[in-house]
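Visitor: File target_30.pdb follows (PDB, C-alpha atoms):
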MODEL        1
ATOM      1  CA  MET A   1       0.000   0.000   0.000  1.00  0.00           C
ATOM      2  CA  CYS A   2       0.931   3.661   0.031  1.00  0.00           C
ATOM      3  CA  GLY A   3      -0.176   5.316   3.254  1.00  0.00           C
ATOM      4  CA  ARG A   4       2.192   8.277   3.498  1.00  0.00           C
ATOM      5  CA  TYR A   5       4.346  10.184   1.013  1.00  0.00           C
ATOM      6  CA  THR A   6       6.354  13.352   0.429  1.00  0.00           C
ATOM      7  CA  SER A   7       5.350  16.197  -1.886  1.00  0.00           C
ATOM      8  CA  THR A   8       7.503  19.310  -1.714  1.00  0.00           C
ATOM      9  CA  ARG A   9       7.496  20.781  -5.238  1.00  0.00           C
ATOM     10  CA  GLY A  10       5.649  24.079  -5.744  1.00  0.00           C
ATOM     11  CA  PRO A  11       2.724  24.561  -8.132  1.00  0.00           C
ATOM     12  CA  GLU A  12       4.771  26.490 -10.695  1.00  0.00           C
ATOM     13  CA  ASP A  13       7.276  23.640 -10.901  1.00  0.00           C
ATOM     14  CA  LEU A  14       4.524  21.019 -11.185  1.00  0.00           C
ATOM     15  CA  ALA A  15       2.663  23.027 -13.823  1.00  0.00           C
ATOM     16  CA  ARG A  16       5.831  23.074 -15.934  1.00  0.00           C
ATOM     17  CA  LEU A  17       6.660  19.395 -15.427  1.00  0.00           C
ATOM     18  CA  PHE A  18       3.152  18.211 -16.329  1.00  0.00           C
ATOM     19  CA  GLN A  19       2.320  20.878 -18.951  1.00  0.00           C
ATOM     20  CA  VAL A  20      -0.604  22.158 -16.910  1.00  0.00           C
ATOM     21  CA  THR A  21      -2.639  24.954 -18.492  1.00  0.00           C
ATOM     22  CA  ASP A  22      -4.923  25.759 -15.543  1.00  0.00           C
ATOM     23  CA  TRP A  23      -4.147  26.026 -11.840  1.00  0.00           C
ATOM     24  CA  ARG A  24      -5.582  28.128  -9.032  1.00  0.00           C
ATOM     25  CA  PRO A  25      -3.197  30.145  -6.850  1.00  0.00           C
ATOM     26  CA  GLU A  26      -5.738  30.017  -4.024  1.00  0.00           C
ATOM     27  CA  GLU A  27      -5.331  26.217  -3.952  1.00  0.00           C
ATOM     28  CA  ALA A  28      -1.549  26.349  -3.444  1.00  0.00           C
ATOM     29  CA  LEU A  29      -0.390  23.838  -0.846  1.00  0.00           C
ATOM     30  CA  ALA A  30       2.564  24.073   1.500  1.00  0.00           C
ATOM     31  CA  PRO A  31       5.403  21.581   0.954  1.00  0.00           C
ATOM     32  CA  SER A  32       4.844  18.407   2.964  1.00  0.00           C
ATOM     33  CA  TRP A  33       7.307  15.743   4.037  1.00  0.00           C
ATOM     34  CA  ASN A  34       4.506  13.727   5.675  1.00  0.00           C
ATOM     35  CA  VAL A  35       1.426  13.647   3.439  1.00  0.00           C
ATOM     36  CA  ALA A  36      -1.244  11.587   5.196  1.00  0.00           C
ATOM     37  CA  PRO A  37      -4.718  10.272   4.320  1.00  0.00           C
ATOM     38  CA  THR A  38      -7.463  12.960   4.260  1.00  0.00           C
ATOM     39  CA  ASP A  39      -4.808  15.655   3.563  1.00  0.00           C
ATOM     40  CA  GLU A  40      -5.208  17.961   0.590  1.00  0.00           C
ATOM     41  CA  VAL A  41      -2.801  16.831  -2.155  1.00  0.00           C
ATOM     42  CA  TYR A  42      -1.851  17.997  -5.638  1.00  0.00           C
ATOM     43  CA  ALA A  43      -3.431  16.130  -8.544  1.00  0.00           C
ATOM     44  CA  VAL A  44      -2.942  16.608 -12.293  1.00  0.00           C
ATOM     45  CA  LEU A  45      -6.119  15.864 -14.234  1.00  0.00           C
ATOM     46  CA  GLU A  46      -7.965  16.685 -17.444  1.00  0.00           C
ATOM     47  CA  ARG A  47     -11.610  17.659 -17.630  1.00  0.00           C
ATOM     48  CA  ALA A  48     -13.627  17.620 -20.827  1.00  0.00           C
ATOM     49  CA  ALA A  49     -15.778  20.564 -21.834  1.00  0.00           C
ATOM     50  CA  ARG A  50     -19.387  20.408 -20.654  1.00  0.00           C
ATOM     51  CA  ASP A  51     -20.566  19.412 -24.123  1.00  0.00           C
ATOM     52  CA  ASP A  52     -17.984  16.543 -24.014  1.00  0.00           C
ATOM     53  CA  GLY A  53     -16.726  17.624 -27.390  1.00  0.00           C
ATOM     54  CA  GLY A  54     -13.891  20.157 -27.194  1.00  0.00           C
ATOM     55  CA  ASP A  55     -10.336  19.770 -25.959  1.00  0.00           C
ATOM     56  CA  ALA A  56      -9.889  18.860 -22.319  1.00  0.00           C
ATOM     57  CA  ARG A  57      -8.140  21.280 -19.964  1.00  0.00           C
ATOM     58  CA  ARG A  58      -5.143  19.992 -18.008  1.00  0.00           C
ATOM     59  CA  GLU A  59      -5.454  21.234 -14.451  1.00  0.00           C
ATOM     60  CA  LEU A  60      -3.458  21.161 -11.232  1.00  0.00           C
ATOM     61  CA  ARG A  61      -5.961  20.774  -8.404  1.00  0.00           C
ATOM     62  CA  ALA A  62      -5.864  20.306  -4.654  1.00  0.00           C
ATOM     63  CA  LEU A  63      -7.928  17.199  -3.813  1.00  0.00           C
ATOM     64  CA  ARG A  64      -8.531  15.313  -0.586  1.00  0.00           C
ATOM     65  CA  TRP A  65      -6.675  11.986  -0.372  1.00  0.00           C
ATOM     66  CA  GLY A  66      -9.138   9.154   0.228  1.00  0.00           C
ATOM     67  CA  LEU A  67     -11.699   8.522  -2.500  1.00  0.00           C
ATOM     68  CA  VAL A  68     -15.381   9.006  -1.646  1.00  0.00           C
ATOM     69  CA  PRO A  69     -17.638   7.314  -4.238  1.00  0.00           C
ATOM     70  CA  SER A  70     -20.416   9.487  -5.622  1.00  0.00           C
ATOM     71  CA  TRP A  71     -23.006   7.131  -4.087  1.00  0.00           C
ATOM     72  CA  ALA A  72     -21.533   7.167  -0.554  1.00  0.00           C
ATOM     73  CA  LYS A  73     -23.883   8.344   2.197  1.00  0.00           C
ATOM     74  CA  ASP A  74     -21.177  10.432   3.851  1.00  0.00           C
ATOM     75  CA  PRO A  75     -17.515  11.283   3.212  1.00  0.00           C
ATOM     76  CA  LYS A  76     -16.144   9.171   6.072  1.00  0.00           C
ATOM     77  CA  ALA A  77     -15.613   6.250   3.676  1.00  0.00           C
ATOM     78  CA  GLY A  78     -12.720   8.108   2.057  1.00  0.00           C
ATOM     79  CA  ALA A  79     -10.351   7.478   4.964  1.00  0.00           C
ATOM     80  CA  ARG A  80     -10.440   3.745   4.122  1.00  0.00           C
ATOM     81  CA  MET A  81     -10.057   4.185   0.348  1.00  0.00           C
ATOM     82  CA  ILE A  82      -6.624   5.757  -0.022  1.00  0.00           C
ATOM     83  CA  ASN A  83      -5.424   2.935  -2.310  1.00  0.00           C
ATOM     84  CA  ALA A  84      -6.998   0.959  -5.159  1.00  0.00           C
ATOM     85  CA  ARG A  85      -5.507  -2.374  -6.244  1.00  0.00           C
ATOM     86  CA  VAL A  86      -4.611  -2.479  -9.949  1.00  0.00           C
ATOM     87  CA  GLU A  87      -5.729  -6.092 -10.115  1.00  0.00           C
ATOM     88  CA  THR A  88      -9.376  -5.117  -9.461  1.00  0.00           C
ATOM     89  CA  VAL A  89      -9.609  -1.335  -9.916  1.00  0.00           C
ATOM     90  CA  HIS A  90     -11.503  -1.642 -13.223  1.00  0.00           C
ATOM     91  CA  GLU A  91     -14.118  -3.926 -11.640  1.00  0.00           C
ATOM     92  CA  LYS A  92     -14.768  -2.686  -8.103  1.00  0.00           C
ATOM     93  CA  PRO A  93     -17.963  -0.573  -7.828  1.00  0.00           C
ATOM     94  CA  ALA A  94     -16.142   2.129  -5.856  1.00  0.00           C
ATOM     95  CA  TYR A  95     -13.527   2.681  -8.578  1.00  0.00           C
ATOM     96  CA  ARG A  96     -14.673   1.430 -11.983  1.00  0.00           C
ATOM     97  CA  ARG A  97     -16.474   4.622 -13.082  1.00  0.00           C
ATOM     98  CA  ALA A  98     -13.514   6.756 -12.032  1.00  0.00           C
ATOM     99  CA  PHE A  99     -11.099   4.398 -13.787  1.00  0.00           C
ATOM    100  CA  ALA A 100     -13.061   4.829 -17.011  1.00  0.00           C
ATOM    101  CA  ARG A 101     -13.359   8.636 -16.893  1.00  0.00           C
ATOM    102  CA  ARG A 102     -11.596  10.315 -13.979  1.00  0.00           C
ATOM    103  CA  ARG A 103      -7.927   9.391 -13.861  1.00  0.00           C
ATOM    104  CA  CYS A 104      -5.218  11.632 -12.461  1.00  0.00           C
ATOM    105  CA  LEU A 105      -1.536  11.836 -11.572  1.00  0.00           C
ATOM    106  CA  LEU A 106      -0.415  12.483  -8.007  1.00  0.00           C
ATOM    107  CA  PRO A 107       3.071  14.038  -7.950  1.00  0.00           C
ATOM    108  CA  ALA A 108       5.392  12.822  -5.204  1.00  0.00           C
ATOM    109  CA  ASP A 109       9.068  12.977  -4.278  1.00  0.00           C
ATOM    110  CA  GLY A 110       8.836   9.528  -2.703  1.00  0.00           C
ATOM    111  CA  PHE A 111       6.711   7.384  -0.425  1.00  0.00           C
ATOM    112  CA  TYR A 112       7.100   5.753   2.978  1.00  0.00           C
ATOM    113  CA  GLU A 113       6.740   2.142   4.038  1.00  0.00           C
ATOM    114  CA  TRP A 114       7.365   0.512   7.412  1.00  0.00           C
ATOM    115  CA  GLU A 115       9.210  -2.569   8.623  1.00  0.00           C
ATOM    116  CA  PRO A 116       8.841  -4.118  12.103  1.00  0.00           C
ATOM    117  CA  VAL A 117      12.173  -3.999  13.923  1.00  0.00           C
ATOM    118  CA  LYS A 118      12.852  -5.623  17.302  1.00  0.00           C
ATOM    119  CA  ASP A 119      14.654  -3.430  19.829  1.00  0.00           C
ATOM    120  CA  GLU A 120      17.306  -5.719  21.335  1.00  0.00           C
ATOM    121  CA  ALA A 121      17.536  -3.577  24.464  1.00  0.00           C
ATOM    122  CA  THR A 122      13.820  -3.633  25.359  1.00  0.00           C
ATOM    123  CA  GLY A 123      12.543  -6.624  23.390  1.00  0.00           C
ATOM    124  CA  ARG A 124       9.786  -4.467  21.952  1.00  0.00           C
ATOM    125  CA  THR A 125       8.951  -4.240  18.267  1.00  0.00           C
ATOM    126  CA  ARG A 126       8.884  -0.802  16.682  1.00  0.00           C
ATOM    127  CA  LYS A 127       7.913   0.358  13.218  1.00  0.00           C
ATOM    128  CA  GLN A 128      10.921   1.653  11.290  1.00  0.00           C
ATOM    129  CA  PRO A 129       9.933   3.975   8.413  1.00  0.00           C
ATOM    130  CA  TYR A 130      11.747   3.836   5.084  1.00  0.00           C
ATOM    131  CA  LEU A 131      11.703   6.449   2.352  1.00  0.00           C
ATOM    132  CA  ILE A 132      11.424   4.941  -1.131  1.00  0.00           C
ATOM    133  CA  ARG A 133      12.104   7.310  -4.015  1.00  0.00           C
ATOM    134  CA  PRO A 134      13.490   7.377  -7.555  1.00  0.00           C
ATOM    135  CA  SER A 135      17.261   7.014  -7.536  1.00  0.00           C
ATOM    136  CA  ASP A 136      17.616   9.929  -9.958  1.00  0.00           C
ATOM    137  CA  GLY A 137      15.617  12.310  -7.744  1.00  0.00           C
ATOM    138  CA  GLN A 138      12.956  12.929 -10.378  1.00  0.00           C
ATOM    139  CA  VAL A 139       9.297  13.482  -9.543  1.00  0.00           C
ATOM    140  CA  MET A 140       7.078  10.396  -9.295  1.00  0.00           C
ATOM    141  CA  ALA A 141       3.800  10.606 -11.215  1.00  0.00           C
ATOM    142  CA  MET A 142       1.742   8.179  -9.150  1.00  0.00           C
ATOM    143  CA  ALA A 143      -1.315   6.827 -10.945  1.00  0.00           C
ATOM    144  CA  GLY A 144      -4.559   7.887  -9.319  1.00  0.00           C
ATOM    145  CA  LEU A 145      -8.301   8.259  -9.699  1.00  0.00           C
ATOM    146  CA  TYR A 146     -10.557  11.073  -8.582  1.00  0.00           C
ATOM    147  CA  GLU A 147     -14.247  11.362  -7.846  1.00  0.00           C
ATOM    148  CA  TYR A 148     -16.897  13.951  -6.987  1.00  0.00           C
ATOM    149  CA  TRP A 149     -19.193  13.612  -3.978  1.00  0.00           C
ATOM    150  CA  ARG A 150     -22.277  15.787  -3.609  1.00  0.00           C
ATOM    151  CA  ASP A 151     -23.090  16.913  -0.063  1.00  0.00           C
ATOM    152  CA  PRO A 152     -26.867  16.480   0.315  1.00  0.00           C
ATOM    153  CA  ASP A 153     -26.959  19.028   3.134  1.00  0.00           C
ATOM    154  CA  VAL A 154     -25.998  21.887   0.782  1.00  0.00           C
ATOM    155  CA  GLY A 155     -28.920  23.142  -1.270  1.00  0.00           C
ATOM    156  CA  SER A 156     -27.392  24.636  -4.408  1.00  0.00           C
ATOM    157  CA  ASP A 157     -25.146  22.849  -6.916  1.00  0.00           C
ATOM    158  CA  ASP A 158     -23.414  26.191  -7.523  1.00  0.00           C
ATOM    159  CA  ASP A 159     -22.268  26.438  -3.900  1.00  0.00           C
ATOM    160  CA  PRO A 160     -18.576  25.360  -3.726  1.00  0.00           C
ATOM    161  CA  GLU A 161     -19.357  23.667  -0.408  1.00  0.00           C
ATOM    162  CA  ALA A 162     -21.735  21.292  -2.228  1.00  0.00           C
ATOM    163  CA  TRP A 163     -18.914  19.301  -3.816  1.00  0.00           C
ATOM    164  CA  LEU A 164     -16.035  17.303  -2.365  1.00  0.00           C
ATOM    165  CA  THR A 165     -13.359  16.090  -4.801  1.00  0.00           C
ATOM    166  CA  THR A 166     -11.259  13.179  -3.576  1.00  0.00           C
ATOM    167  CA  CYS A 167      -8.594  10.832  -4.949  1.00  0.00           C
ATOM    168  CA  THR A 168      -6.925   7.462  -4.472  1.00  0.00           C
ATOM    169  CA  ILE A 169      -3.556   5.921  -5.460  1.00  0.00           C
ATOM    170  CA  ILE A 170      -3.379   2.765  -7.590  1.00  0.00           C
ATOM    171  CA  THR A 171      -1.041   0.110  -6.175  1.00  0.00           C
ATOM    172  CA  THR A 172       0.516  -3.170  -7.284  1.00  0.00           C
ATOM    173  CA  GLU A 173       2.774  -5.920  -5.948  1.00  0.00           C
ATOM    174  CA  ALA A 174       6.167  -4.530  -5.030  1.00  0.00           C
ATOM    175  CA  THR A 175       9.409  -5.911  -6.404  1.00  0.00           C
ATOM    176  CA  ASP A 176      13.103  -5.088  -6.206  1.00  0.00           C
ATOM    177  CA  ALA A 177      14.084  -2.574  -3.540  1.00  0.00           C
ATOM    178  CA  ALA A 178      10.568  -1.636  -2.412  1.00  0.00           C
ATOM    179  CA  GLY A 179       9.545  -5.258  -2.073  1.00  0.00           C
ATOM    180  CA  ARG A 180      12.109  -5.838   0.650  1.00  0.00           C
ATOM    181  CA  VAL A 181      10.163  -3.463   2.905  1.00  0.00           C
ATOM    182  CA  HIS A 182       6.508  -3.913   1.928  1.00  0.00           C
ATOM    183  CA  PRO A 183       4.658  -6.210  -0.520  1.00  0.00           C
ATOM    184  CA  ARG A 184       2.676  -3.396  -2.201  1.00  0.00           C
ATOM    185  CA  MET A 185       3.753  -0.157  -3.865  1.00  0.00           C
ATOM    186  CA  PRO A 186       2.197   2.667  -5.914  1.00  0.00           C
ATOM    187  CA  LEU A 187       2.115   2.523  -9.690  1.00  0.00           C
ATOM    188  CA  ALA A 188       3.424   5.388 -11.800  1.00  0.00           C
ATOM    189  CA  LEU A 189       3.457   6.673 -15.362  1.00  0.00           C
ATOM    190  CA  THR A 190       6.258   7.855 -17.601  1.00  0.00           C
ATOM    191  CA  PRO A 191       5.901  11.234 -19.369  1.00  0.00           C
ATOM    192  CA  ASP A 192       5.160   9.628 -22.733  1.00  0.00           C
ATOM    193  CA  HIS A 193       2.022   8.068 -21.248  1.00  0.00           C
ATOM    194  CA  TYR A 194       0.621  11.131 -19.431  1.00  0.00           C
ATOM    195  CA  ASP A 195      -1.580  12.218 -22.342  1.00  0.00           C
ATOM    196  CA  THR A 196      -3.300   8.870 -22.792  1.00  0.00           C
ATOM    197  CA  TRP A 197      -3.804   8.277 -19.072  1.00  0.00           C
ATOM    198  CA  LEU A 198      -5.314  11.703 -18.447  1.00  0.00           C
ATOM    199  CA  ASP A 199      -7.522  11.748 -21.552  1.00  0.00           C
ATOM    200  CA  PRO A 200     -11.130  11.557 -20.242  1.00  0.00           C
ATOM    201  CA  HIS A 201     -12.291  10.229 -23.634  1.00  0.00           C
ATOM    202  CA  HIS A 202     -10.019   7.155 -23.467  1.00  0.00           C
ATOM    203  CA  HIS A 203     -11.946   4.207 -21.999  1.00  0.00           C
ATOM    204  CA  ASP A 204     -10.076   1.064 -23.098  1.00  0.00           C
ATOM    205  CA  THR A 205      -9.457  -0.735 -19.798  1.00  0.00           C
ATOM    206  CA  ASP A 206      -6.702  -3.066 -21.010  1.00  0.00           C
ATOM    207  CA  ASP A 207      -4.901  -0.258 -22.812  1.00  0.00           C
ATOM    208  CA  LEU A 208      -5.016   1.965 -19.739  1.00  0.00           C
ATOM    209  CA  ARG A 209      -3.757  -0.705 -17.355  1.00  0.00           C
ATOM    210  CA  ALA A 210      -0.860  -1.417 -19.733  1.00  0.00           C
ATOM    211  CA  LEU A 211       0.401   2.144 -19.213  1.00  0.00           C
ATOM    212  CA  LEU A 212       1.090   1.618 -15.523  1.00  0.00           C
ATOM    213  CA  THR A 213       4.654   0.842 -14.419  1.00  0.00           C
ATOM    214  CA  GLN A 214       6.837   0.733 -11.322  1.00  0.00           C
ATOM    215  CA  PRO A 215       8.069   4.178 -10.230  1.00  0.00           C
ATOM    216  CA  ALA A 216      11.360   4.997 -11.976  1.00  0.00           C
ATOM    217  CA  ASP A 217      11.138   1.573 -13.682  1.00  0.00           C
ATOM    218  CA  GLY A 218      12.106   0.001 -10.377  1.00  0.00           C
ATOM    219  CA  ARG A 219      15.299   2.042  -9.975  1.00  0.00           C
ATOM    220  CA  LEU A 220      14.514   3.101  -6.439  1.00  0.00           C
ATOM    221  CA  ASP A 221      16.527   4.300  -3.479  1.00  0.00           C
ATOM    222  CA  VAL A 222      15.386   2.827  -0.147  1.00  0.00           C
ATOM    223  CA  ARG A 223      16.723   4.080   3.160  1.00  0.00           C
ATOM    224  CA  PRO A 224      15.600   4.256   6.797  1.00  0.00           C
ATOM    225  CA  VAL A 225      14.516   7.674   8.046  1.00  0.00           C
ATOM    226  CA  SER A 226      13.562   9.335  11.302  1.00  0.00           C
ATOM    227  CA  MET A 227      10.990   7.644  13.533  1.00  0.00           C
ATOM    228  CA  ALA A 228       9.315  11.061  13.721  1.00  0.00           C
ATOM    229  CA  VAL A 229       7.568  10.159  10.446  1.00  0.00           C
ATOM    230  CA  ASN A 230       5.341   7.813  12.453  1.00  0.00           C
ATOM    231  CA  ASN A 231       3.433  10.768  13.932  1.00  0.00           C
ATOM    232  CA  VAL A 232       1.318  12.480  11.253  1.00  0.00           C
ATOM    233  CA  ARG A 233       1.572  15.767  13.152  1.00  0.00           C
ATOM    234  CA  ASN A 234       5.317  15.922  12.483  1.00  0.00           C
ATOM    235  CA  ASN A 235       6.491  17.610   9.288  1.00  0.00           C
ATOM    236  CA  GLY A 236       9.587  19.169   7.813  1.00  0.00           C
ATOM    237  CA  PRO A 237      12.793  18.127   6.011  1.00  0.00           C
ATOM    238  CA  HIS A 238      14.206  16.679   9.250  1.00  0.00           C
ATOM    239  CA  LEU A 239      11.907  13.680   8.745  1.00  0.00           C
ATOM    240  CA  LEU A 240      14.299  12.492   6.033  1.00  0.00           C
ATOM    241  CA  ASP A 241      17.231  12.327   8.482  1.00  0.00           C
ATOM    242  CA  ALA A 242      18.740   8.951   9.288  1.00  0.00           C
ATOM    243  CA  PRO A 243      17.266   7.330  12.408  1.00  0.00           C
ATOM    244  CA  ALA A 244      18.967   8.305  15.621  1.00  0.00           C
TER     245      ALA A 244
ENDMDL
END
Let me see the file written as structure tokens.
Guide:
Amino acid sequence: MCGRYTSTRGPEDLARLFQVTDWRPEEALAPSWNVAPTDEVYAVLERAARDDGGDARRELRALRWGLVPSWAKDPKAGARMINARVETVHEKPAYRRAFARRRCLLPADGFYEWEPVKDEATGRTRKQPYLIRPSDGQVMAMAGLYEYWRDPDVGSDDDPEAWLTTCTIITTEATDAAGRVHPRMPLALTPDHYDTWLDPHHHDTDDLRALLTQPADGRLDVRPVSMAVNNVRNNGPHLLDAPA
């Protein structure tokens, strides 16, 4: 799975990297070294014109991490739906409509996974966090889906409070370096596949799933980092320090 990650690049940098044509300065997010479920995160997506005919606009949006299906009774379900398994994402009721029409990219510097480690002095087991990131330091374009949820307690569709936009990360079995720490990992896309993945008019399930690859083609750097990562309230570049 992917339950925590780092995202420190600014919106101008992300807009350039992903050829974004539309982003909202009021949605700018602070850099985060400890992105957690239900946080606002950057997502790159394309939305078709209302008539579903013209060119789609590529946008950089701030979405809440944890997908809430449109049919959910309340948004609490999103906290449990931070990841979608690639093996079943095109079939599961919670994800299949989004997989067909609402795909996105979630930029990240790297992601965290944990390994149980026994403390020889106390005999207790603690969770040691590891940062997993591309060896070349490039941005990861994690494959994601997004969805709209309509709040029934807000009367007007035009009220911004009426709509909640959420997202999830698609994961697969981990191999190579990441697999030594955790059996699952996020999927990613290479720049030559961004256009097809984001195109809201592209609905071929097999074709879309074939675009998904391991981050950095499996060339990943894995290293232990500060135990402070374990507390979601902690943030800052010091989280990437070696464990004390």
Visitor: Evaluated on this file, the PyMOL selection byres ((chain A and resi 113) around 9) picks out some residues - which ones are they, written as a CSV table (one decimal) with C-alpha atoms, in the coordinates of the input?
Guide:
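See part39.csv below for the written result:
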chain,number,residue,atom,x,y,z
A,1,MET,CA,0.0,0.0,0.0
A,2,CYS,CA,0.9,3.7,0.0
A,3,GLY,CA,-0.2,5.3,3.3
A,4,ARG,CA,2.2,8.3,3.5
A,5,TYR,CA,4.3,10.2,1.0
A,111,PHE,CA,6.7,7.4,-0.4
A,112,TYR,CA,7.1,5.8,3.0
A,114,TRP,CA,7.4,0.5,7.4
A,115,GLU,CA,9.2,-2.6,8.6
A,128,GLN,CA,10.9,1.7,11.3
A,129,PRO,CA,9.9,4.0,8.4
A,130,TYR,CA,11.7,3.8,5.1
A,131,LEU,CA,11.7,6.4,2.4
A,132,ILE,CA,11.4,4.9,-1.1
A,178,ALA,CA,10.6,-1.6,-2.4
A,181,VAL,CA,10.2,-3.5,2.9
A,182,HIS,CA,6.5,-3.9,1.9
A,185,MET,CA,3.8,-0.2,-3.9
Visitor: For each of A:Thr196, A:Ser135, A:Asn231, A:Ser7, take the minimum atom-to-atom distance to Arg219 (chain A), counting all atoms listed in the file, then give the residue where this is smallest.
Guide: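 Closest candidate: A:Ser135.
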Visitor: For Trp197 (chain A), which of A:Pro69, A:Gly144, A:Pro107, A:Pro160 is the closest residue, counting only C-alpha atoms?
Guide: A:Gly144
Visitor: Counting all atoms listed in the file, which residue out of A:Asp217, A:Glu173, A:Tyr194, A:Ala56 sits closest to Val86 (chain A)?
Guide: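 Of A:Asp217, A:Glu173, A:Tyr194, A:Ala56, the one nearest Val86 (chain A) is A:Glu173, counting all atoms listed in the file.
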Visitor: Restricting the calculation to all atoms listed in the file, which member of A:Glu12, A:Asp109, A:Asp119, A:Asp151 is positioned closest to Gly137 (chain A)?
Guide: A:Asp109
